[in-house]
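Enquirer: Input structure: entry_9.txt, which contains compact mmCIF, C-alpha atoms.
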# COMPACT_ATOMS: atom_id res chain seq x y z
CA MET K 990 103.14 16.91 -2.92
CA ARG K 991 103.50 14.36 -0.17
CA GLU K 992 106.71 13.63 1.73
CA HIS K 993 108.14 10.43 3.15
CA PRO K 994 106.12 10.22 6.38
CA GLY K 995 102.97 10.09 4.29
CA ILE K 996 104.43 7.21 2.27
CA ARG K 997 105.51 5.26 5.34
CA ALA K 998 102.00 5.60 6.70
CA VAL K 999 100.61 3.78 3.69
CA LEU K 1000 103.20 1.20 2.60
CA PRO K 1001 104.33 -1.70 4.82
CA GLN K 1002 107.85 -1.89 3.35
CA ARG K 1003 110.71 -0.40 5.34
CA TYR K 1004 114.41 0.33 4.82
CA PRO K 1005 116.03 -0.74 2.60
CA MET K 1006 112.99 -1.90 0.63
CA LEU K 1007 110.83 1.21 0.87
CA LEU K 1008 111.68 2.55 -2.56
CA VAL K 1009 109.54 5.66 -3.02
CA ASP K 1010 110.87 8.96 -1.67
CA ARG K 1011 108.12 11.44 -2.50
CA ILE K 1012 104.74 11.75 -4.16
CA LEU K 1013 104.71 14.64 -6.62
CA GLU K 1014 101.10 14.35 -7.79
CA LEU K 1015 98.24 12.04 -6.94
CA ASP K 1016 95.06 12.09 -8.98
CA PRO K 1017 92.97 9.62 -6.97
CA ARG K 1018 92.13 6.39 -8.77
CA ARG K 1019 93.67 7.74 -11.96
CA SER K 1020 97.38 8.49 -11.83
CA ILE K 1021 100.36 9.23 -9.65
CA ARG K 1022 103.82 10.71 -10.13
CA THR K 1023 106.48 9.70 -7.65
CA VAL K 1024 110.20 10.22 -7.05
CA LYS K 1025 112.88 7.67 -6.25
CA ALA K 1026 116.37 9.14 -5.96
CA VAL K 1027 119.19 6.68 -6.60
CA THR K 1028 122.39 7.38 -4.68
CA ALA K 1029 125.76 5.68 -4.37
CA THR K 1030 125.03 5.03 -0.68
CA GLU K 1031 122.25 2.53 -1.48
CA PRO K 1032 122.93 -0.93 -0.03
CA CYS K 1033 122.98 -2.43 -3.53
CA TYR K 1034 126.32 -0.68 -4.14
CA ALA K 1035 127.94 -1.81 -0.89
CA GLY K 1036 129.53 -4.95 -2.33
CA LEU K 1037 131.13 -3.45 -5.42
CA PRO K 1038 134.92 -3.64 -5.58
CA GLU K 1039 137.08 -0.54 -5.99
CA ASP K 1040 137.80 -1.31 -9.64
CA ALA K 1041 134.22 -2.09 -10.68
CA GLU K 1042 133.47 -1.19 -14.28
CA PRO K 1043 130.75 1.39 -14.97
CA TRP K 1044 128.12 -1.20 -15.99
CA ARG K 1045 128.30 -2.75 -12.55
CA TYR K 1046 126.80 0.47 -11.16
CA HIS K 1047 123.56 0.07 -13.09
CA TYR K 1048 120.70 0.26 -10.60
CA PRO K 1049 119.18 -3.26 -10.39
CA PRO K 1050 116.10 -3.56 -12.62
CA ALA K 1051 114.42 -5.59 -9.88
CA LEU K 1052 114.57 -2.57 -7.56
CA LEU K 1053 113.26 -0.26 -10.27
CA ILE K 1054 110.30 -2.63 -10.72
CA GLU K 1055 109.72 -2.70 -6.96
CA SER K 1056 109.84 1.09 -6.80
CA PHE K 1057 107.36 1.35 -9.66
CA GLY K 1058 105.13 -1.23 -8.00
CA GLN K 1059 105.16 0.64 -4.71
CA SER K 1060 104.16 3.78 -6.60
CA ALA K 1061 101.25 1.85 -8.10
CA ALA K 1062 100.30 0.70 -4.59
CA LEU K 1063 100.26 4.29 -3.37
CA LEU K 1064 97.95 5.16 -6.23
CA TRP K 1065 95.63 2.24 -5.62
CA LEU K 1066 95.48 2.86 -1.89
CA ASP K 1067 94.77 6.48 -2.68
CA GLY K 1068 97.34 7.65 -0.15
CA HIS K 1069 95.47 6.01 2.74
CA ALA K 1070 96.73 3.14 4.85
CA PRO K 1071 94.64 -0.01 4.47
CA ALA K 1072 92.75 -1.33 7.49
CA ALA K 1073 95.39 -2.76 9.79
CA ASP K 1074 93.35 -5.74 10.92
CA ASP K 1075 92.14 -7.30 7.70
CA GLY K 1076 95.17 -9.59 7.48
CA LEU K 1077 95.81 -8.76 3.85
CA THR K 1078 99.09 -7.63 2.36
CA LEU K 1079 99.33 -5.81 -0.92
CA MET K 1080 101.33 -8.02 -3.26
CA PHE K 1081 102.89 -7.52 -6.65
CA VAL K 1082 101.53 -10.50 -8.58
CA GLY K 1083 102.66 -9.92 -12.12
CA ALA K 1084 103.54 -7.75 -15.06
CA THR K 1085 103.42 -7.82 -18.84
CA GLU K 1086 105.90 -6.06 -21.11
CA PHE K 1087 108.13 -4.35 -18.55
CA VAL K 1088 110.74 -2.94 -20.93
CA PHE K 1089 114.05 -1.39 -19.93
CA GLU K 1090 115.22 1.34 -22.26
CA GLY K 1091 118.09 3.00 -20.42
CA GLY K 1092 120.51 2.41 -17.59
CA VAL K 1093 120.09 4.05 -14.20
CA LEU K 1094 123.13 5.17 -12.25
CA PRO K 1095 123.83 6.79 -8.87
CA GLY K 1096 122.76 10.41 -9.12
CA ASP K 1097 119.74 9.67 -11.28
CA VAL K 1098 116.39 10.83 -9.95
CA LEU K 1099 113.70 8.47 -11.15
CA ILE K 1100 110.22 9.79 -11.83
CA HIS K 1101 107.54 7.13 -12.04
CA THR K 1102 104.31 7.97 -13.83
CA VAL K 1103 101.68 5.34 -13.09
CA ARG K 1104 98.13 5.11 -14.43
CA LEU K 1105 95.52 2.91 -12.76
CA ASP K 1106 93.78 1.29 -15.72
CA ASN K 1107 91.37 -1.06 -13.99
CA VAL K 1108 90.37 -2.65 -10.69
CA ILE K 1109 88.58 -5.97 -11.10
CA ALA K 1110 87.60 -8.19 -8.17
CA GLY K 1111 90.22 -6.76 -5.88
CA THR K 1112 93.01 -6.87 -8.42
CA ALA K 1113 94.51 -3.68 -9.79
CA PHE K 1114 95.96 -3.23 -13.27
CA ALA K 1115 98.33 -0.34 -13.87
CA SER K 1116 100.64 0.91 -16.60
CA GLY K 1117 103.23 3.62 -16.88
CA GLU K 1118 106.74 4.83 -17.42
CA THR K 1119 109.89 5.68 -15.53
CA TRP K 1120 112.05 8.64 -16.47
CA ALA K 1121 115.52 9.81 -15.42
CA GLY K 1122 115.50 13.46 -16.43
CA THR K 1123 114.61 13.57 -20.11
CA ARG K 1124 115.43 9.89 -20.64
CA ARG K 1125 112.71 7.30 -20.47
CA VAL K 1126 114.39 4.35 -18.80
CA ALA K 1127 111.48 1.92 -18.51
CA ARG K 1128 107.87 1.39 -19.50
CA VAL K 1129 105.31 -1.20 -18.53
CA THR K 1130 102.16 -2.20 -20.35
CA THR K 1131 100.47 -3.93 -17.42
CA LEU K 1132 101.43 -4.31 -13.78
CA VAL K 1133 99.13 -6.41 -11.60
CA ALA K 1134 98.73 -6.18 -7.83
CA THR K 1135 96.29 -7.68 -5.40
CA ARG K 1136 95.82 -8.00 -1.66
CA ARG K 1137 96.46 -11.47 -0.31
CA PRO K 1138 96.52 -13.04 3.12
CA VAL K 1139 100.06 -13.92 4.17
CA PRO K 1140 100.16 -16.63 6.81
CA HIS K 1141 102.03 -15.41 9.85
CA LEU K 1142 104.49 -17.88 11.32
CA THR K 1143 103.03 -20.86 9.57
CA GLY K 1144 106.13 -21.78 7.63
CA PRO K 1145 106.79 -22.52 4.01
CA ALA K 1146 104.70 -25.67 3.87
CA ASP K 1147 101.59 -23.54 4.05
CA ALA K 1148 102.73 -20.91 1.60
CA SER K 1149 100.83 -22.48 -1.27
CA ALA K 1150 97.60 -21.78 0.59
CA VAL K 1151 97.80 -18.15 -0.40
CA ALA K 1152 98.15 -18.96 -4.08
CA ALA K 1153 94.47 -19.60 -4.59
CA GLY K 1154 93.68 -15.95 -5.12
CA PRO K 1155 91.43 -13.53 -3.30
CA GLY K 1156 89.99 -14.97 -0.10
CA PRO K 1157 86.54 -14.31 1.35
CA ALA K 1158 87.81 -11.43 3.46
CA GLN K 1159 89.17 -9.68 0.43
CA ARG K 1160 86.09 -10.25 -1.65
CA SER K 1161 83.87 -8.78 1.03
CA ARG K 1162 86.17 -5.86 1.52
CA GLU K 1163 86.32 -5.08 -2.16
CA GLY K 1164 82.60 -5.64 -2.44
CA SER K 1165 81.95 -2.96 0.14
CA ARG K 1166 83.79 -0.31 -1.80
CA MET X 111 125.40 -8.92 1.87
CA SER X 112 124.96 -7.46 -1.55
CA GLY X 113 126.47 -7.12 -4.88
CA LEU X 114 128.83 -9.75 -5.90
CA ALA X 115 126.85 -12.60 -7.42
CA GLY X 116 127.34 -11.90 -11.09
CA GLY X 117 129.40 -8.86 -10.24
CA ALA X 118 126.77 -6.13 -10.52
CA ALA X 119 125.02 -3.90 -8.02
CA ALA X 120 122.38 -6.04 -6.33
CA PRO X 121 120.10 -5.91 -3.31
CA LEU X 122 121.27 -9.34 -2.22
CA ARG X 123 123.19 -12.39 -3.39
CA ALA X 124 120.25 -14.12 -5.01
CA VAL X 125 122.02 -17.29 -6.19
CA ASP X 126 123.45 -19.73 -3.62
CA THR X 127 124.21 -22.54 -6.07
CA TYR X 128 123.71 -22.94 -9.80
CA THR X 129 124.23 -25.29 -12.73
CA ALA X 130 124.37 -24.60 -16.45
CA ILE X 131 123.97 -27.38 -19.00
CA PRO X 132 124.13 -26.90 -22.80
CA ASP X 133 120.75 -27.75 -24.28
CA GLY X 134 120.42 -27.67 -28.06
CA ASP X 135 120.66 -24.06 -29.20
CA GLY X 136 120.58 -22.80 -25.64
CA TRP X 137 121.20 -23.57 -22.00
CA LEU X 138 119.32 -25.20 -19.20
CA LEU X 139 120.02 -23.23 -16.03
CA CYS X 140 119.14 -24.00 -12.43
CA SER X 141 119.76 -22.11 -9.21
CA THR X 142 118.82 -22.21 -5.56
CA LEU X 143 118.39 -19.47 -3.00
CA LEU X 144 117.64 -20.00 0.67
CA VAL X 145 115.21 -17.35 1.92
CA ARG X 146 116.98 -15.83 4.90
CA GLY X 147 114.70 -13.78 7.09
CA ASP X 148 117.67 -11.95 8.57
CA ASP X 149 118.83 -10.65 5.20
CA PRO X 150 118.80 -6.85 5.46
CA SER X 151 116.42 -6.55 2.51
CA LEU X 152 113.93 -8.95 4.04
CA ARG X 153 113.99 -7.10 7.34
CA GLY X 154 112.31 -4.31 5.45
CA HIS X 155 110.01 -6.61 3.46
CA PHE X 156 108.24 -6.82 5.77
CA PRO X 157 109.13 -5.91 9.37
CA GLY X 158 108.28 -8.96 11.48
CA LEU X 159 107.18 -10.96 8.44
CA PRO X 160 110.05 -11.70 6.05
CA VAL X 161 108.74 -12.49 2.56
CA LEU X 162 111.03 -12.83 -0.44
CA PRO X 163 110.02 -9.91 -2.65
CA GLY X 164 108.67 -11.15 -5.96
CA VAL X 165 111.10 -8.93 -7.78
CA PHE X 166 113.94 -10.89 -6.19
CA VAL X 167 112.97 -13.80 -8.44
CA VAL X 168 113.76 -11.41 -11.29
CA GLU X 169 116.99 -10.50 -9.53
CA ALA X 170 117.87 -14.18 -9.06
CA LEU X 171 117.26 -14.91 -12.75
CA GLY X 172 119.43 -11.94 -13.73
CA GLN X 173 122.27 -13.11 -11.50
CA LEU X 174 121.92 -16.67 -12.80
CA MET X 175 122.11 -15.43 -16.40
CA ARG X 176 125.17 -13.33 -15.64
CA LEU X 177 126.92 -16.10 -13.71
CA ALA X 178 126.26 -18.74 -16.36
CA LEU X 179 126.39 -16.74 -19.58
CA GLY X 180 128.07 -13.46 -18.66
CA ASP X 181 130.85 -12.10 -20.85
CA GLY X 182 132.29 -9.56 -18.43
CA THR X 183 130.78 -6.56 -20.21
CA GLY X 184 127.46 -6.47 -18.38
CA ALA X 185 125.66 -8.78 -20.79
CA PRO X 186 123.34 -10.51 -20.53
CA ALA X 187 121.36 -7.67 -18.98
CA LEU X 188 117.60 -7.65 -18.54
CA ARG X 189 116.01 -5.80 -21.46
CA ALA X 190 112.38 -6.81 -21.14
CA LEU X 191 110.15 -8.82 -18.88
CA THR X 192 107.70 -10.16 -21.42
CA SER X 193 105.63 -11.72 -18.68
CA VAL X 194 106.11 -12.36 -14.99
CA ARG X 195 103.64 -13.98 -12.60
CA PHE X 196 103.93 -14.61 -8.89
CA PHE X 197 101.61 -17.28 -7.52
CA ALA X 198 102.75 -17.66 -3.93
CA PRO X 199 105.18 -15.93 -1.59
CA LEU X 200 108.33 -17.58 -0.29
CA LEU X 201 108.75 -17.16 3.44
CA ASP X 202 111.74 -17.31 5.79
CA GLY X 203 113.43 -20.70 5.62
CA ASP X 204 111.92 -21.71 2.29
CA GLU X 205 114.02 -22.05 -0.86
CA LEU X 206 113.67 -20.56 -4.31
CA ARG X 207 114.47 -23.24 -6.87
CA LEU X 208 114.74 -21.61 -10.24
CA THR X 209 114.92 -23.47 -13.55
CA ALA X 210 115.37 -21.55 -16.76
CA ARG X 211 115.84 -22.31 -20.42
CA ALA X 212 117.83 -19.68 -22.28
CA THR X 213 117.55 -19.73 -26.07
CA ALA X 214 119.85 -17.73 -28.32
CA ALA X 215 118.02 -14.74 -29.81
CA PRO X 216 119.14 -11.78 -31.91
CA GLY X 217 121.41 -9.74 -29.66
CA GLY X 218 121.02 -11.96 -26.64
CA TRP X 219 118.81 -14.56 -25.04
CA SER X 220 115.14 -15.38 -24.71
CA VAL X 221 114.45 -16.97 -21.36
CA ARG X 222 111.58 -18.94 -19.87
CA ALA X 223 111.91 -19.62 -16.18
CA GLU X 224 109.94 -21.20 -13.40
CA GLY X 225 110.44 -20.77 -9.67
CA ARG X 226 109.43 -23.44 -7.18
CA SER X 227 109.46 -23.65 -3.41
CA ALA X 228 111.32 -26.35 -1.47
CA ALA X 229 108.06 -28.33 -1.43
CA GLY X 230 107.85 -28.16 -5.22
CA THR X 231 105.04 -25.63 -5.49
CA VAL X 232 105.31 -23.41 -8.55
CA THR X 233 105.63 -19.91 -7.11
CA SER X 234 106.57 -17.87 -10.17
CA ARG X 235 106.92 -17.91 -13.95
CA VAL X 236 109.00 -15.51 -16.00
CA ARG X 237 109.50 -14.87 -19.71
CA ALA X 238 112.24 -12.36 -20.41
CA GLU X 239 114.67 -11.02 -22.96
CA TYR X 240 118.32 -10.42 -22.12
CA GLY X 241 120.96 -8.59 -24.13
CA ALA X 242 123.66 -5.96 -23.96
CA PRO X 243 123.25 -3.43 -21.13
CA CYS X 244 121.28 -0.38 -22.21
Can I see the file as structure tokens?

Expert:
Amino acid sequence: MREHPGIRAVLPQRYPMLLVDRILELDPRRSIRTVKAVTATEPCYAGLPEDAEPWRYHYPPALLIESFGQSAALLWLDGHAPAADDGLTLMFVGATEFVFEGGVLPGDVLIHTVRLDNVIAGTAFASGETWAGTRRVARVTTLVATRRPVPHLTGPADASAVAAGPGPAQRSREGSR
Amino acid sequence: MSGLAGGAAAPLRAVDTYTAIPDGDGWLLCSTLLVRGDDPSLRGHFPGLPVLPGVFVVEALGQLMRLALGDGTGAPALRALTSVRFFAPLLDGDELRLTARATAAPGGWSVRAEGRSAAGTVTSRVRAEYGAPC
């Protein structure tokens, strides 16, 4: 089991977007089980009015996806922080068949089970499920992540430059593995 | 800072403006979102380098669906992302311009959406199914 400091050491996200609380199990390069506890004090609930109906308390699917994706990143990075100076940021680049099967409410403790299915040319392909107790609340057939350069302080006009896929630095890094 | 666009729990208000036009058996929907680096969520994604999280495109589409087609009971809620692809990040000061076509489907809506930057670059594509909340 690995606690939050070990997660912060690996993932670049910070409050309120660091959405993994604990690693329960990590089988390197194969699978990971993580915990994300949902509470009523999360910022996503701050704007709800006093008379909000129950459905308005459903935890946003986008945050569940992000939490799952961060769990996949922890698996791919094998619990180790990437080299700080390679200029690459781990990015969620896509998913296929991310299906939501049950609502998530404050008080639910999400368990993500992620399997790393493949790593091809610096791009990782994962699959898995998310449970709240005995309820499966989501499953995903394929989640795709890669490490891309993000231009610092260059402004939106240059953002398309990072869309071309893995750069030379990434290829050489992956090639050395 | 959070929540109220579409009326559900949300990490941010992900729709600044939107339009909804009837289009055959469905709707043509458009929305905009200015990427604000000082949004609390973006301060954590990432510290010193605000990037709109890709999943916030999913959030924006969900809020757009609820604003345009919501019935007050939580529908349309995201039931499945059939496919989502992110091609380029949106940085502080850029704009997410989302266009979506929602087609009536059994129990809800099938949606195809495309996100572009202010410069017109396609940054994301989404195919999704929306229905009653699960």

Enquirer: Around the point (124.0, -5.6, -21.0) (coordinates from the file), which residues reach within 7 Å if we count only C-alpha atoms? Answer as a PyMOL selection string.

Expert: chain X and resi 183-187+241-244

Enquirer: Expressed in Å to a single decimal, how great is the separation between atom CA of Leu200 of chain X and atom CA of Pro1138 of chain K?

Expert: 13.1 Å

Enquirer: How far is it from atom CA of Asp1097 of chain K to atom CA of Lys1025 of chain K, in Å with one decimal?

Expert: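 Taking atom CA of Asp1097 of chain K and atom CA of Lys1025 of chain K, their separation equals 8.7 Å.
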
Enquirer: Name the residues in contact with Thr192 of chain X at a cut-off of 8 Å, using only C-alpha atoms, excluding same-chain residues fewer than 6 positions from it; report them as JSON, numbers by chain.

Expert: {"K": [1084, 1085, 1086, 1087, 1088], "X": [236, 237, 238, 239]}

Enquirer: Dump as a ChimeraX atom specification the residues of chain X that approach chain K to within 9 Å, counting all atoms listed in the file.

Expert: /X:111-114,117-122,150-157,159,161,163-169,172,183-184,188-205,227-229,231-233,238,243-244

Enquirer: Taking C-alpha atoms for each residue, export the selection above as a PDB file, keeping the file's coordinate frame.

Expert:
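Saved result, selection-v7.pdb, follows:
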ATOM      1  CA  MET X 111     125.400  -8.920   1.870  1.00  0.00           C
ATOM      2  CA  SER X 112     124.960  -7.460  -1.550  1.00  0.00           C
ATOM      3  CA  GLY X 113     126.470  -7.120  -4.880  1.00  0.00           C
ATOM      4  CA  LEU X 114     128.830  -9.750  -5.900  1.00  0.00           C
ATOM      5  CA  GLY X 117     129.400  -8.860 -10.240  1.00  0.00           C
ATOM      6  CA  ALA X 118     126.770  -6.130 -10.520  1.00  0.00           C
ATOM      7  CA  ALA X 119     125.020  -3.900  -8.020  1.00  0.00           C
ATOM      8  CA  ALA X 120     122.380  -6.040  -6.330  1.00  0.00           C
ATOM      9  CA  PRO X 121     120.100  -5.910  -3.310  1.00  0.00           C
ATOM     10  CA  LEU X 122     121.270  -9.340  -2.220  1.00  0.00           C
ATOM     11  CA  PRO X 150     118.800  -6.850   5.460  1.00  0.00           C
ATOM     12  CA  SER X 151     116.420  -6.550   2.510  1.00  0.00           C
ATOM     13  CA  LEU X 152     113.930  -8.950   4.040  1.00  0.00           C
ATOM     14  CA  ARG X 153     113.990  -7.100   7.340  1.00  0.00           C
ATOM     15  CA  GLY X 154     112.310  -4.310   5.450  1.00  0.00           C
ATOM     16  CA  HIS X 155     110.010  -6.610   3.460  1.00  0.00           C
ATOM     17  CA  PHE X 156     108.240  -6.820   5.770  1.00  0.00           C
ATOM     18  CA  PRO X 157     109.130  -5.910   9.370  1.00  0.00           C
ATOM     19  CA  LEU X 159     107.180 -10.960   8.440  1.00  0.00           C
ATOM     20  CA  VAL X 161     108.740 -12.490   2.560  1.00  0.00           C
ATOM     21  CA  PRO X 163     110.020  -9.910  -2.650  1.00  0.00           C
ATOM     22  CA  GLY X 164     108.670 -11.150  -5.960  1.00  0.00           C
ATOM     23  CA  VAL X 165     111.100  -8.930  -7.780  1.00  0.00           C
ATOM     24  CA  PHE X 166     113.940 -10.890  -6.190  1.00  0.00           C
ATOM     25  CA  VAL X 167     112.970 -13.800  -8.440  1.00  0.00           C
ATOM     26  CA  VAL X 168     113.760 -11.410 -11.290  1.00  0.00           C
ATOM     27  CA  GLU X 169     116.990 -10.500  -9.530  1.00  0.00           C
ATOM     28  CA  GLY X 172     119.430 -11.940 -13.730  1.00  0.00           C
ATOM     29  CA  THR X 183     130.780  -6.560 -20.210  1.00  0.00           C
ATOM     30  CA  GLY X 184     127.460  -6.470 -18.380  1.00  0.00           C
ATOM     31  CA  LEU X 188     117.600  -7.650 -18.540  1.00  0.00           C
ATOM     32  CA  ARG X 189     116.010  -5.800 -21.460  1.00  0.00           C
ATOM     33  CA  ALA X 190     112.380  -6.810 -21.140  1.00  0.00           C
ATOM     34  CA  LEU X 191     110.150  -8.820 -18.880  1.00  0.00           C
ATOM     35  CA  THR X 192     107.700 -10.160 -21.420  1.00  0.00           C
ATOM     36  CA  SER X 193     105.630 -11.720 -18.680  1.00  0.00           C
ATOM     37  CA  VAL X 194     106.110 -12.360 -14.990  1.00  0.00           C
ATOM     38  CA  ARG X 195     103.640 -13.980 -12.600  1.00  0.00           C
ATOM     39  CA  PHE X 196     103.930 -14.610  -8.890  1.00  0.00           C
ATOM     40  CA  PHE X 197     101.610 -17.280  -7.520  1.00  0.00           C
ATOM     41  CA  ALA X 198     102.750 -17.660  -3.930  1.00  0.00           C
ATOM     42  CA  PRO X 199     105.180 -15.930  -1.590  1.00  0.00           C
ATOM     43  CA  LEU X 200     108.330 -17.580  -0.290  1.00  0.00           C
ATOM     44  CA  LEU X 201     108.750 -17.160   3.440  1.00  0.00           C
ATOM     45  CA  ASP X 202     111.740 -17.310   5.790  1.00  0.00           C
ATOM     46  CA  GLY X 203     113.430 -20.700   5.620  1.00  0.00           C
ATOM     47  CA  ASP X 204     111.920 -21.710   2.290  1.00  0.00           C
ATOM     48  CA  GLU X 205     114.020 -22.050  -0.860  1.00  0.00           C
ATOM     49  CA  SER X 227     109.460 -23.650  -3.410  1.00  0.00           C
ATOM     50  CA  ALA X 228     111.320 -26.350  -1.470  1.00  0.00           C
ATOM     51  CA  ALA X 229     108.060 -28.330  -1.430  1.00  0.00           C
ATOM     52  CA  THR X 231     105.040 -25.630  -5.490  1.00  0.00           C
ATOM     53  CA  VAL X 232     105.310 -23.410  -8.550  1.00  0.00           C
ATOM     54  CA  THR X 233     105.630 -19.910  -7.110  1.00  0.00           C
ATOM     55  CA  ALA X 238     112.240 -12.360 -20.410  1.00  0.00           C
ATOM     56  CA  PRO X 243     123.250  -3.430 -21.130  1.00  0.00           C
ATOM     57  CA  CYS X 244     121.280  -0.380 -22.210  1.00  0.00           C
TER      58      CYS X 244
END

Enquirer: In Å, rounded to a single decimal, give me how far atom CA of Ser220 of chain X is from atom CA of Gly136 of chain X.

Expert: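 The value is 9.2 Å.
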
Enquirer: Taking all atoms listed in the file into account, which of K:Gly1117, K:Gly1111, K:Pro1071, K:Gly1096 comes nearest Thr1023 of chain K?

Expert: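 Among the listed residues, the smallest separation from Thr1023 of chain K belongs to K:Gly1117.
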
Enquirer: If we count all atoms listed in the file, what is near Asp135 of chain X at a cut-off of 12 Å, once residues fewer than 4 positions away on the same chain are taken out, given as a ChimeraX atom specification?

Expert: /X:131,211-215,219-220

Enquirer: Would you fill the gaps in segment 1079-1100 of chain K so it has N, CA and C atoms, then print it as an mmCIF file, in the coordinates of the input?

Expert:
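Here's the written file selection_6.cif:
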data_model
loop_
_atom_site.group_PDB
_atom_site.id
_atom_site.type_symbol
_atom_site.label_atom_id
_atom_site.label_comp_id
_atom_site.auth_asym_id
_atom_site.auth_seq_id
_atom_site.Cartn_x
_atom_site.Cartn_y
_atom_site.Cartn_z
ATOM 1 N N LEU K 1079 99.312 -6.162 0.501
ATOM 2 C CA LEU K 1079 99.330 -5.810 -0.920
ATOM 3 C C LEU K 1079 100.526 -6.481 -1.579
ATOM 4 N N MET K 1080 100.262 -7.261 -2.621
ATOM 5 C CA MET K 1080 101.330 -8.020 -3.260
ATOM 6 C C MET K 1080 101.389 -7.707 -4.750
ATOM 7 N N PHE K 1081 102.611 -7.623 -5.226
ATOM 8 C CA PHE K 1081 102.890 -7.520 -6.650
ATOM 9 C C PHE K 1081 102.740 -8.922 -7.226
ATOM 10 N N VAL K 1082 101.766 -9.142 -8.101
ATOM 11 C CA VAL K 1082 101.530 -10.500 -8.580
ATOM 12 C C VAL K 1082 101.915 -10.726 -10.033
ATOM 13 N N GLY K 1083 102.223 -9.654 -10.762
ATOM 14 C CA GLY K 1083 102.660 -9.920 -12.120
ATOM 15 C C GLY K 1083 102.810 -8.665 -12.941
ATOM 16 N N ALA K 1084 103.380 -8.857 -14.125
ATOM 17 C CA ALA K 1084 103.540 -7.750 -15.060
ATOM 18 C C ALA K 1084 103.664 -8.314 -16.471
ATOM 19 N N THR K 1085 103.281 -7.482 -17.426
ATOM 20 C CA THR K 1085 103.420 -7.820 -18.840
ATOM 21 C C THR K 1085 104.165 -6.687 -19.530
ATOM 22 N N GLU K 1086 105.143 -7.025 -20.322
ATOM 23 C CA GLU K 1086 105.900 -6.060 -21.110
ATOM 24 C C GLU K 1086 106.495 -4.941 -20.235
ATOM 25 N N PHE K 1087 107.351 -5.326 -19.320
ATOM 26 C CA PHE K 1087 108.130 -4.350 -18.550
ATOM 27 C C PHE K 1087 109.454 -4.208 -19.299
ATOM 28 N N VAL K 1088 109.626 -3.103 -20.003
ATOM 29 C CA VAL K 1088 110.740 -2.940 -20.930
ATOM 30 C C VAL K 1088 111.738 -1.927 -20.383
ATOM 31 N N PHE K 1089 113.009 -2.280 -20.439
ATOM 32 C CA PHE K 1089 114.050 -1.390 -19.930
ATOM 33 C C PHE K 1089 114.770 -0.723 -21.102
ATOM 34 N N GLU K 1090 114.744 0.589 -21.103
ATOM 35 C CA GLU K 1090 115.220 1.340 -22.260
ATOM 36 C C GLU K 1090 116.502 2.123 -21.996
ATOM 37 N N GLY K 1091 116.882 2.250 -20.737
ATOM 38 C CA GLY K 1091 118.090 3.000 -20.420
ATOM 39 C C GLY K 1091 118.608 2.638 -19.043
ATOM 40 N N GLY K 1092 119.914 2.728 -18.876
ATOM 41 C CA GLY K 1092 120.510 2.410 -17.590
ATOM 42 C C GLY K 1092 120.270 3.512 -16.574
ATOM 43 N N VAL K 1093 120.264 3.111 -15.310
ATOM 44 C CA VAL K 1093 120.090 4.050 -14.200
ATOM 45 C C VAL K 1093 121.323 3.967 -13.319
ATOM 46 N N LEU K 1094 121.887 5.122 -12.999
ATOM 47 C CA LEU K 1094 123.130 5.170 -12.250
ATOM 48 C C LEU K 1094 122.961 6.030 -10.995
ATOM 49 N N PRO K 1095 123.883 5.894 -10.035
ATOM 50 C CA PRO K 1095 123.830 6.790 -8.870
ATOM 51 C C PRO K 1095 123.807 8.247 -9.323
ATOM 52 N N GLY K 1096 122.944 9.016 -8.711
ATOM 53 C CA GLY K 1096 122.760 10.410 -9.120
ATOM 54 C C GLY K 1096 121.500 10.621 -9.934
ATOM 55 N N ASP K 1097 120.986 9.544 -10.528
ATOM 56 C CA ASP K 1097 119.740 9.670 -11.280
ATOM 57 C C ASP K 1097 118.548 9.799 -10.325
ATOM 58 N N VAL K 1098 117.645 10.671 -10.694
ATOM 59 C CA VAL K 1098 116.390 10.830 -9.950
ATOM 60 C C VAL K 1098 115.283 10.252 -10.820
ATOM 61 N N LEU K 1099 114.738 9.145 -10.365
ATOM 62 C CA LEU K 1099 113.700 8.470 -11.150
ATOM 63 C C LEU K 1099 112.344 9.105 -10.881
ATOM 64 N N ILE K 1100 111.607 9.347 -11.945
ATOM 65 C CA ILE K 1100 110.220 9.790 -11.830
ATOM 66 C C ILE K 1100 109.348 8.689 -12.417
#
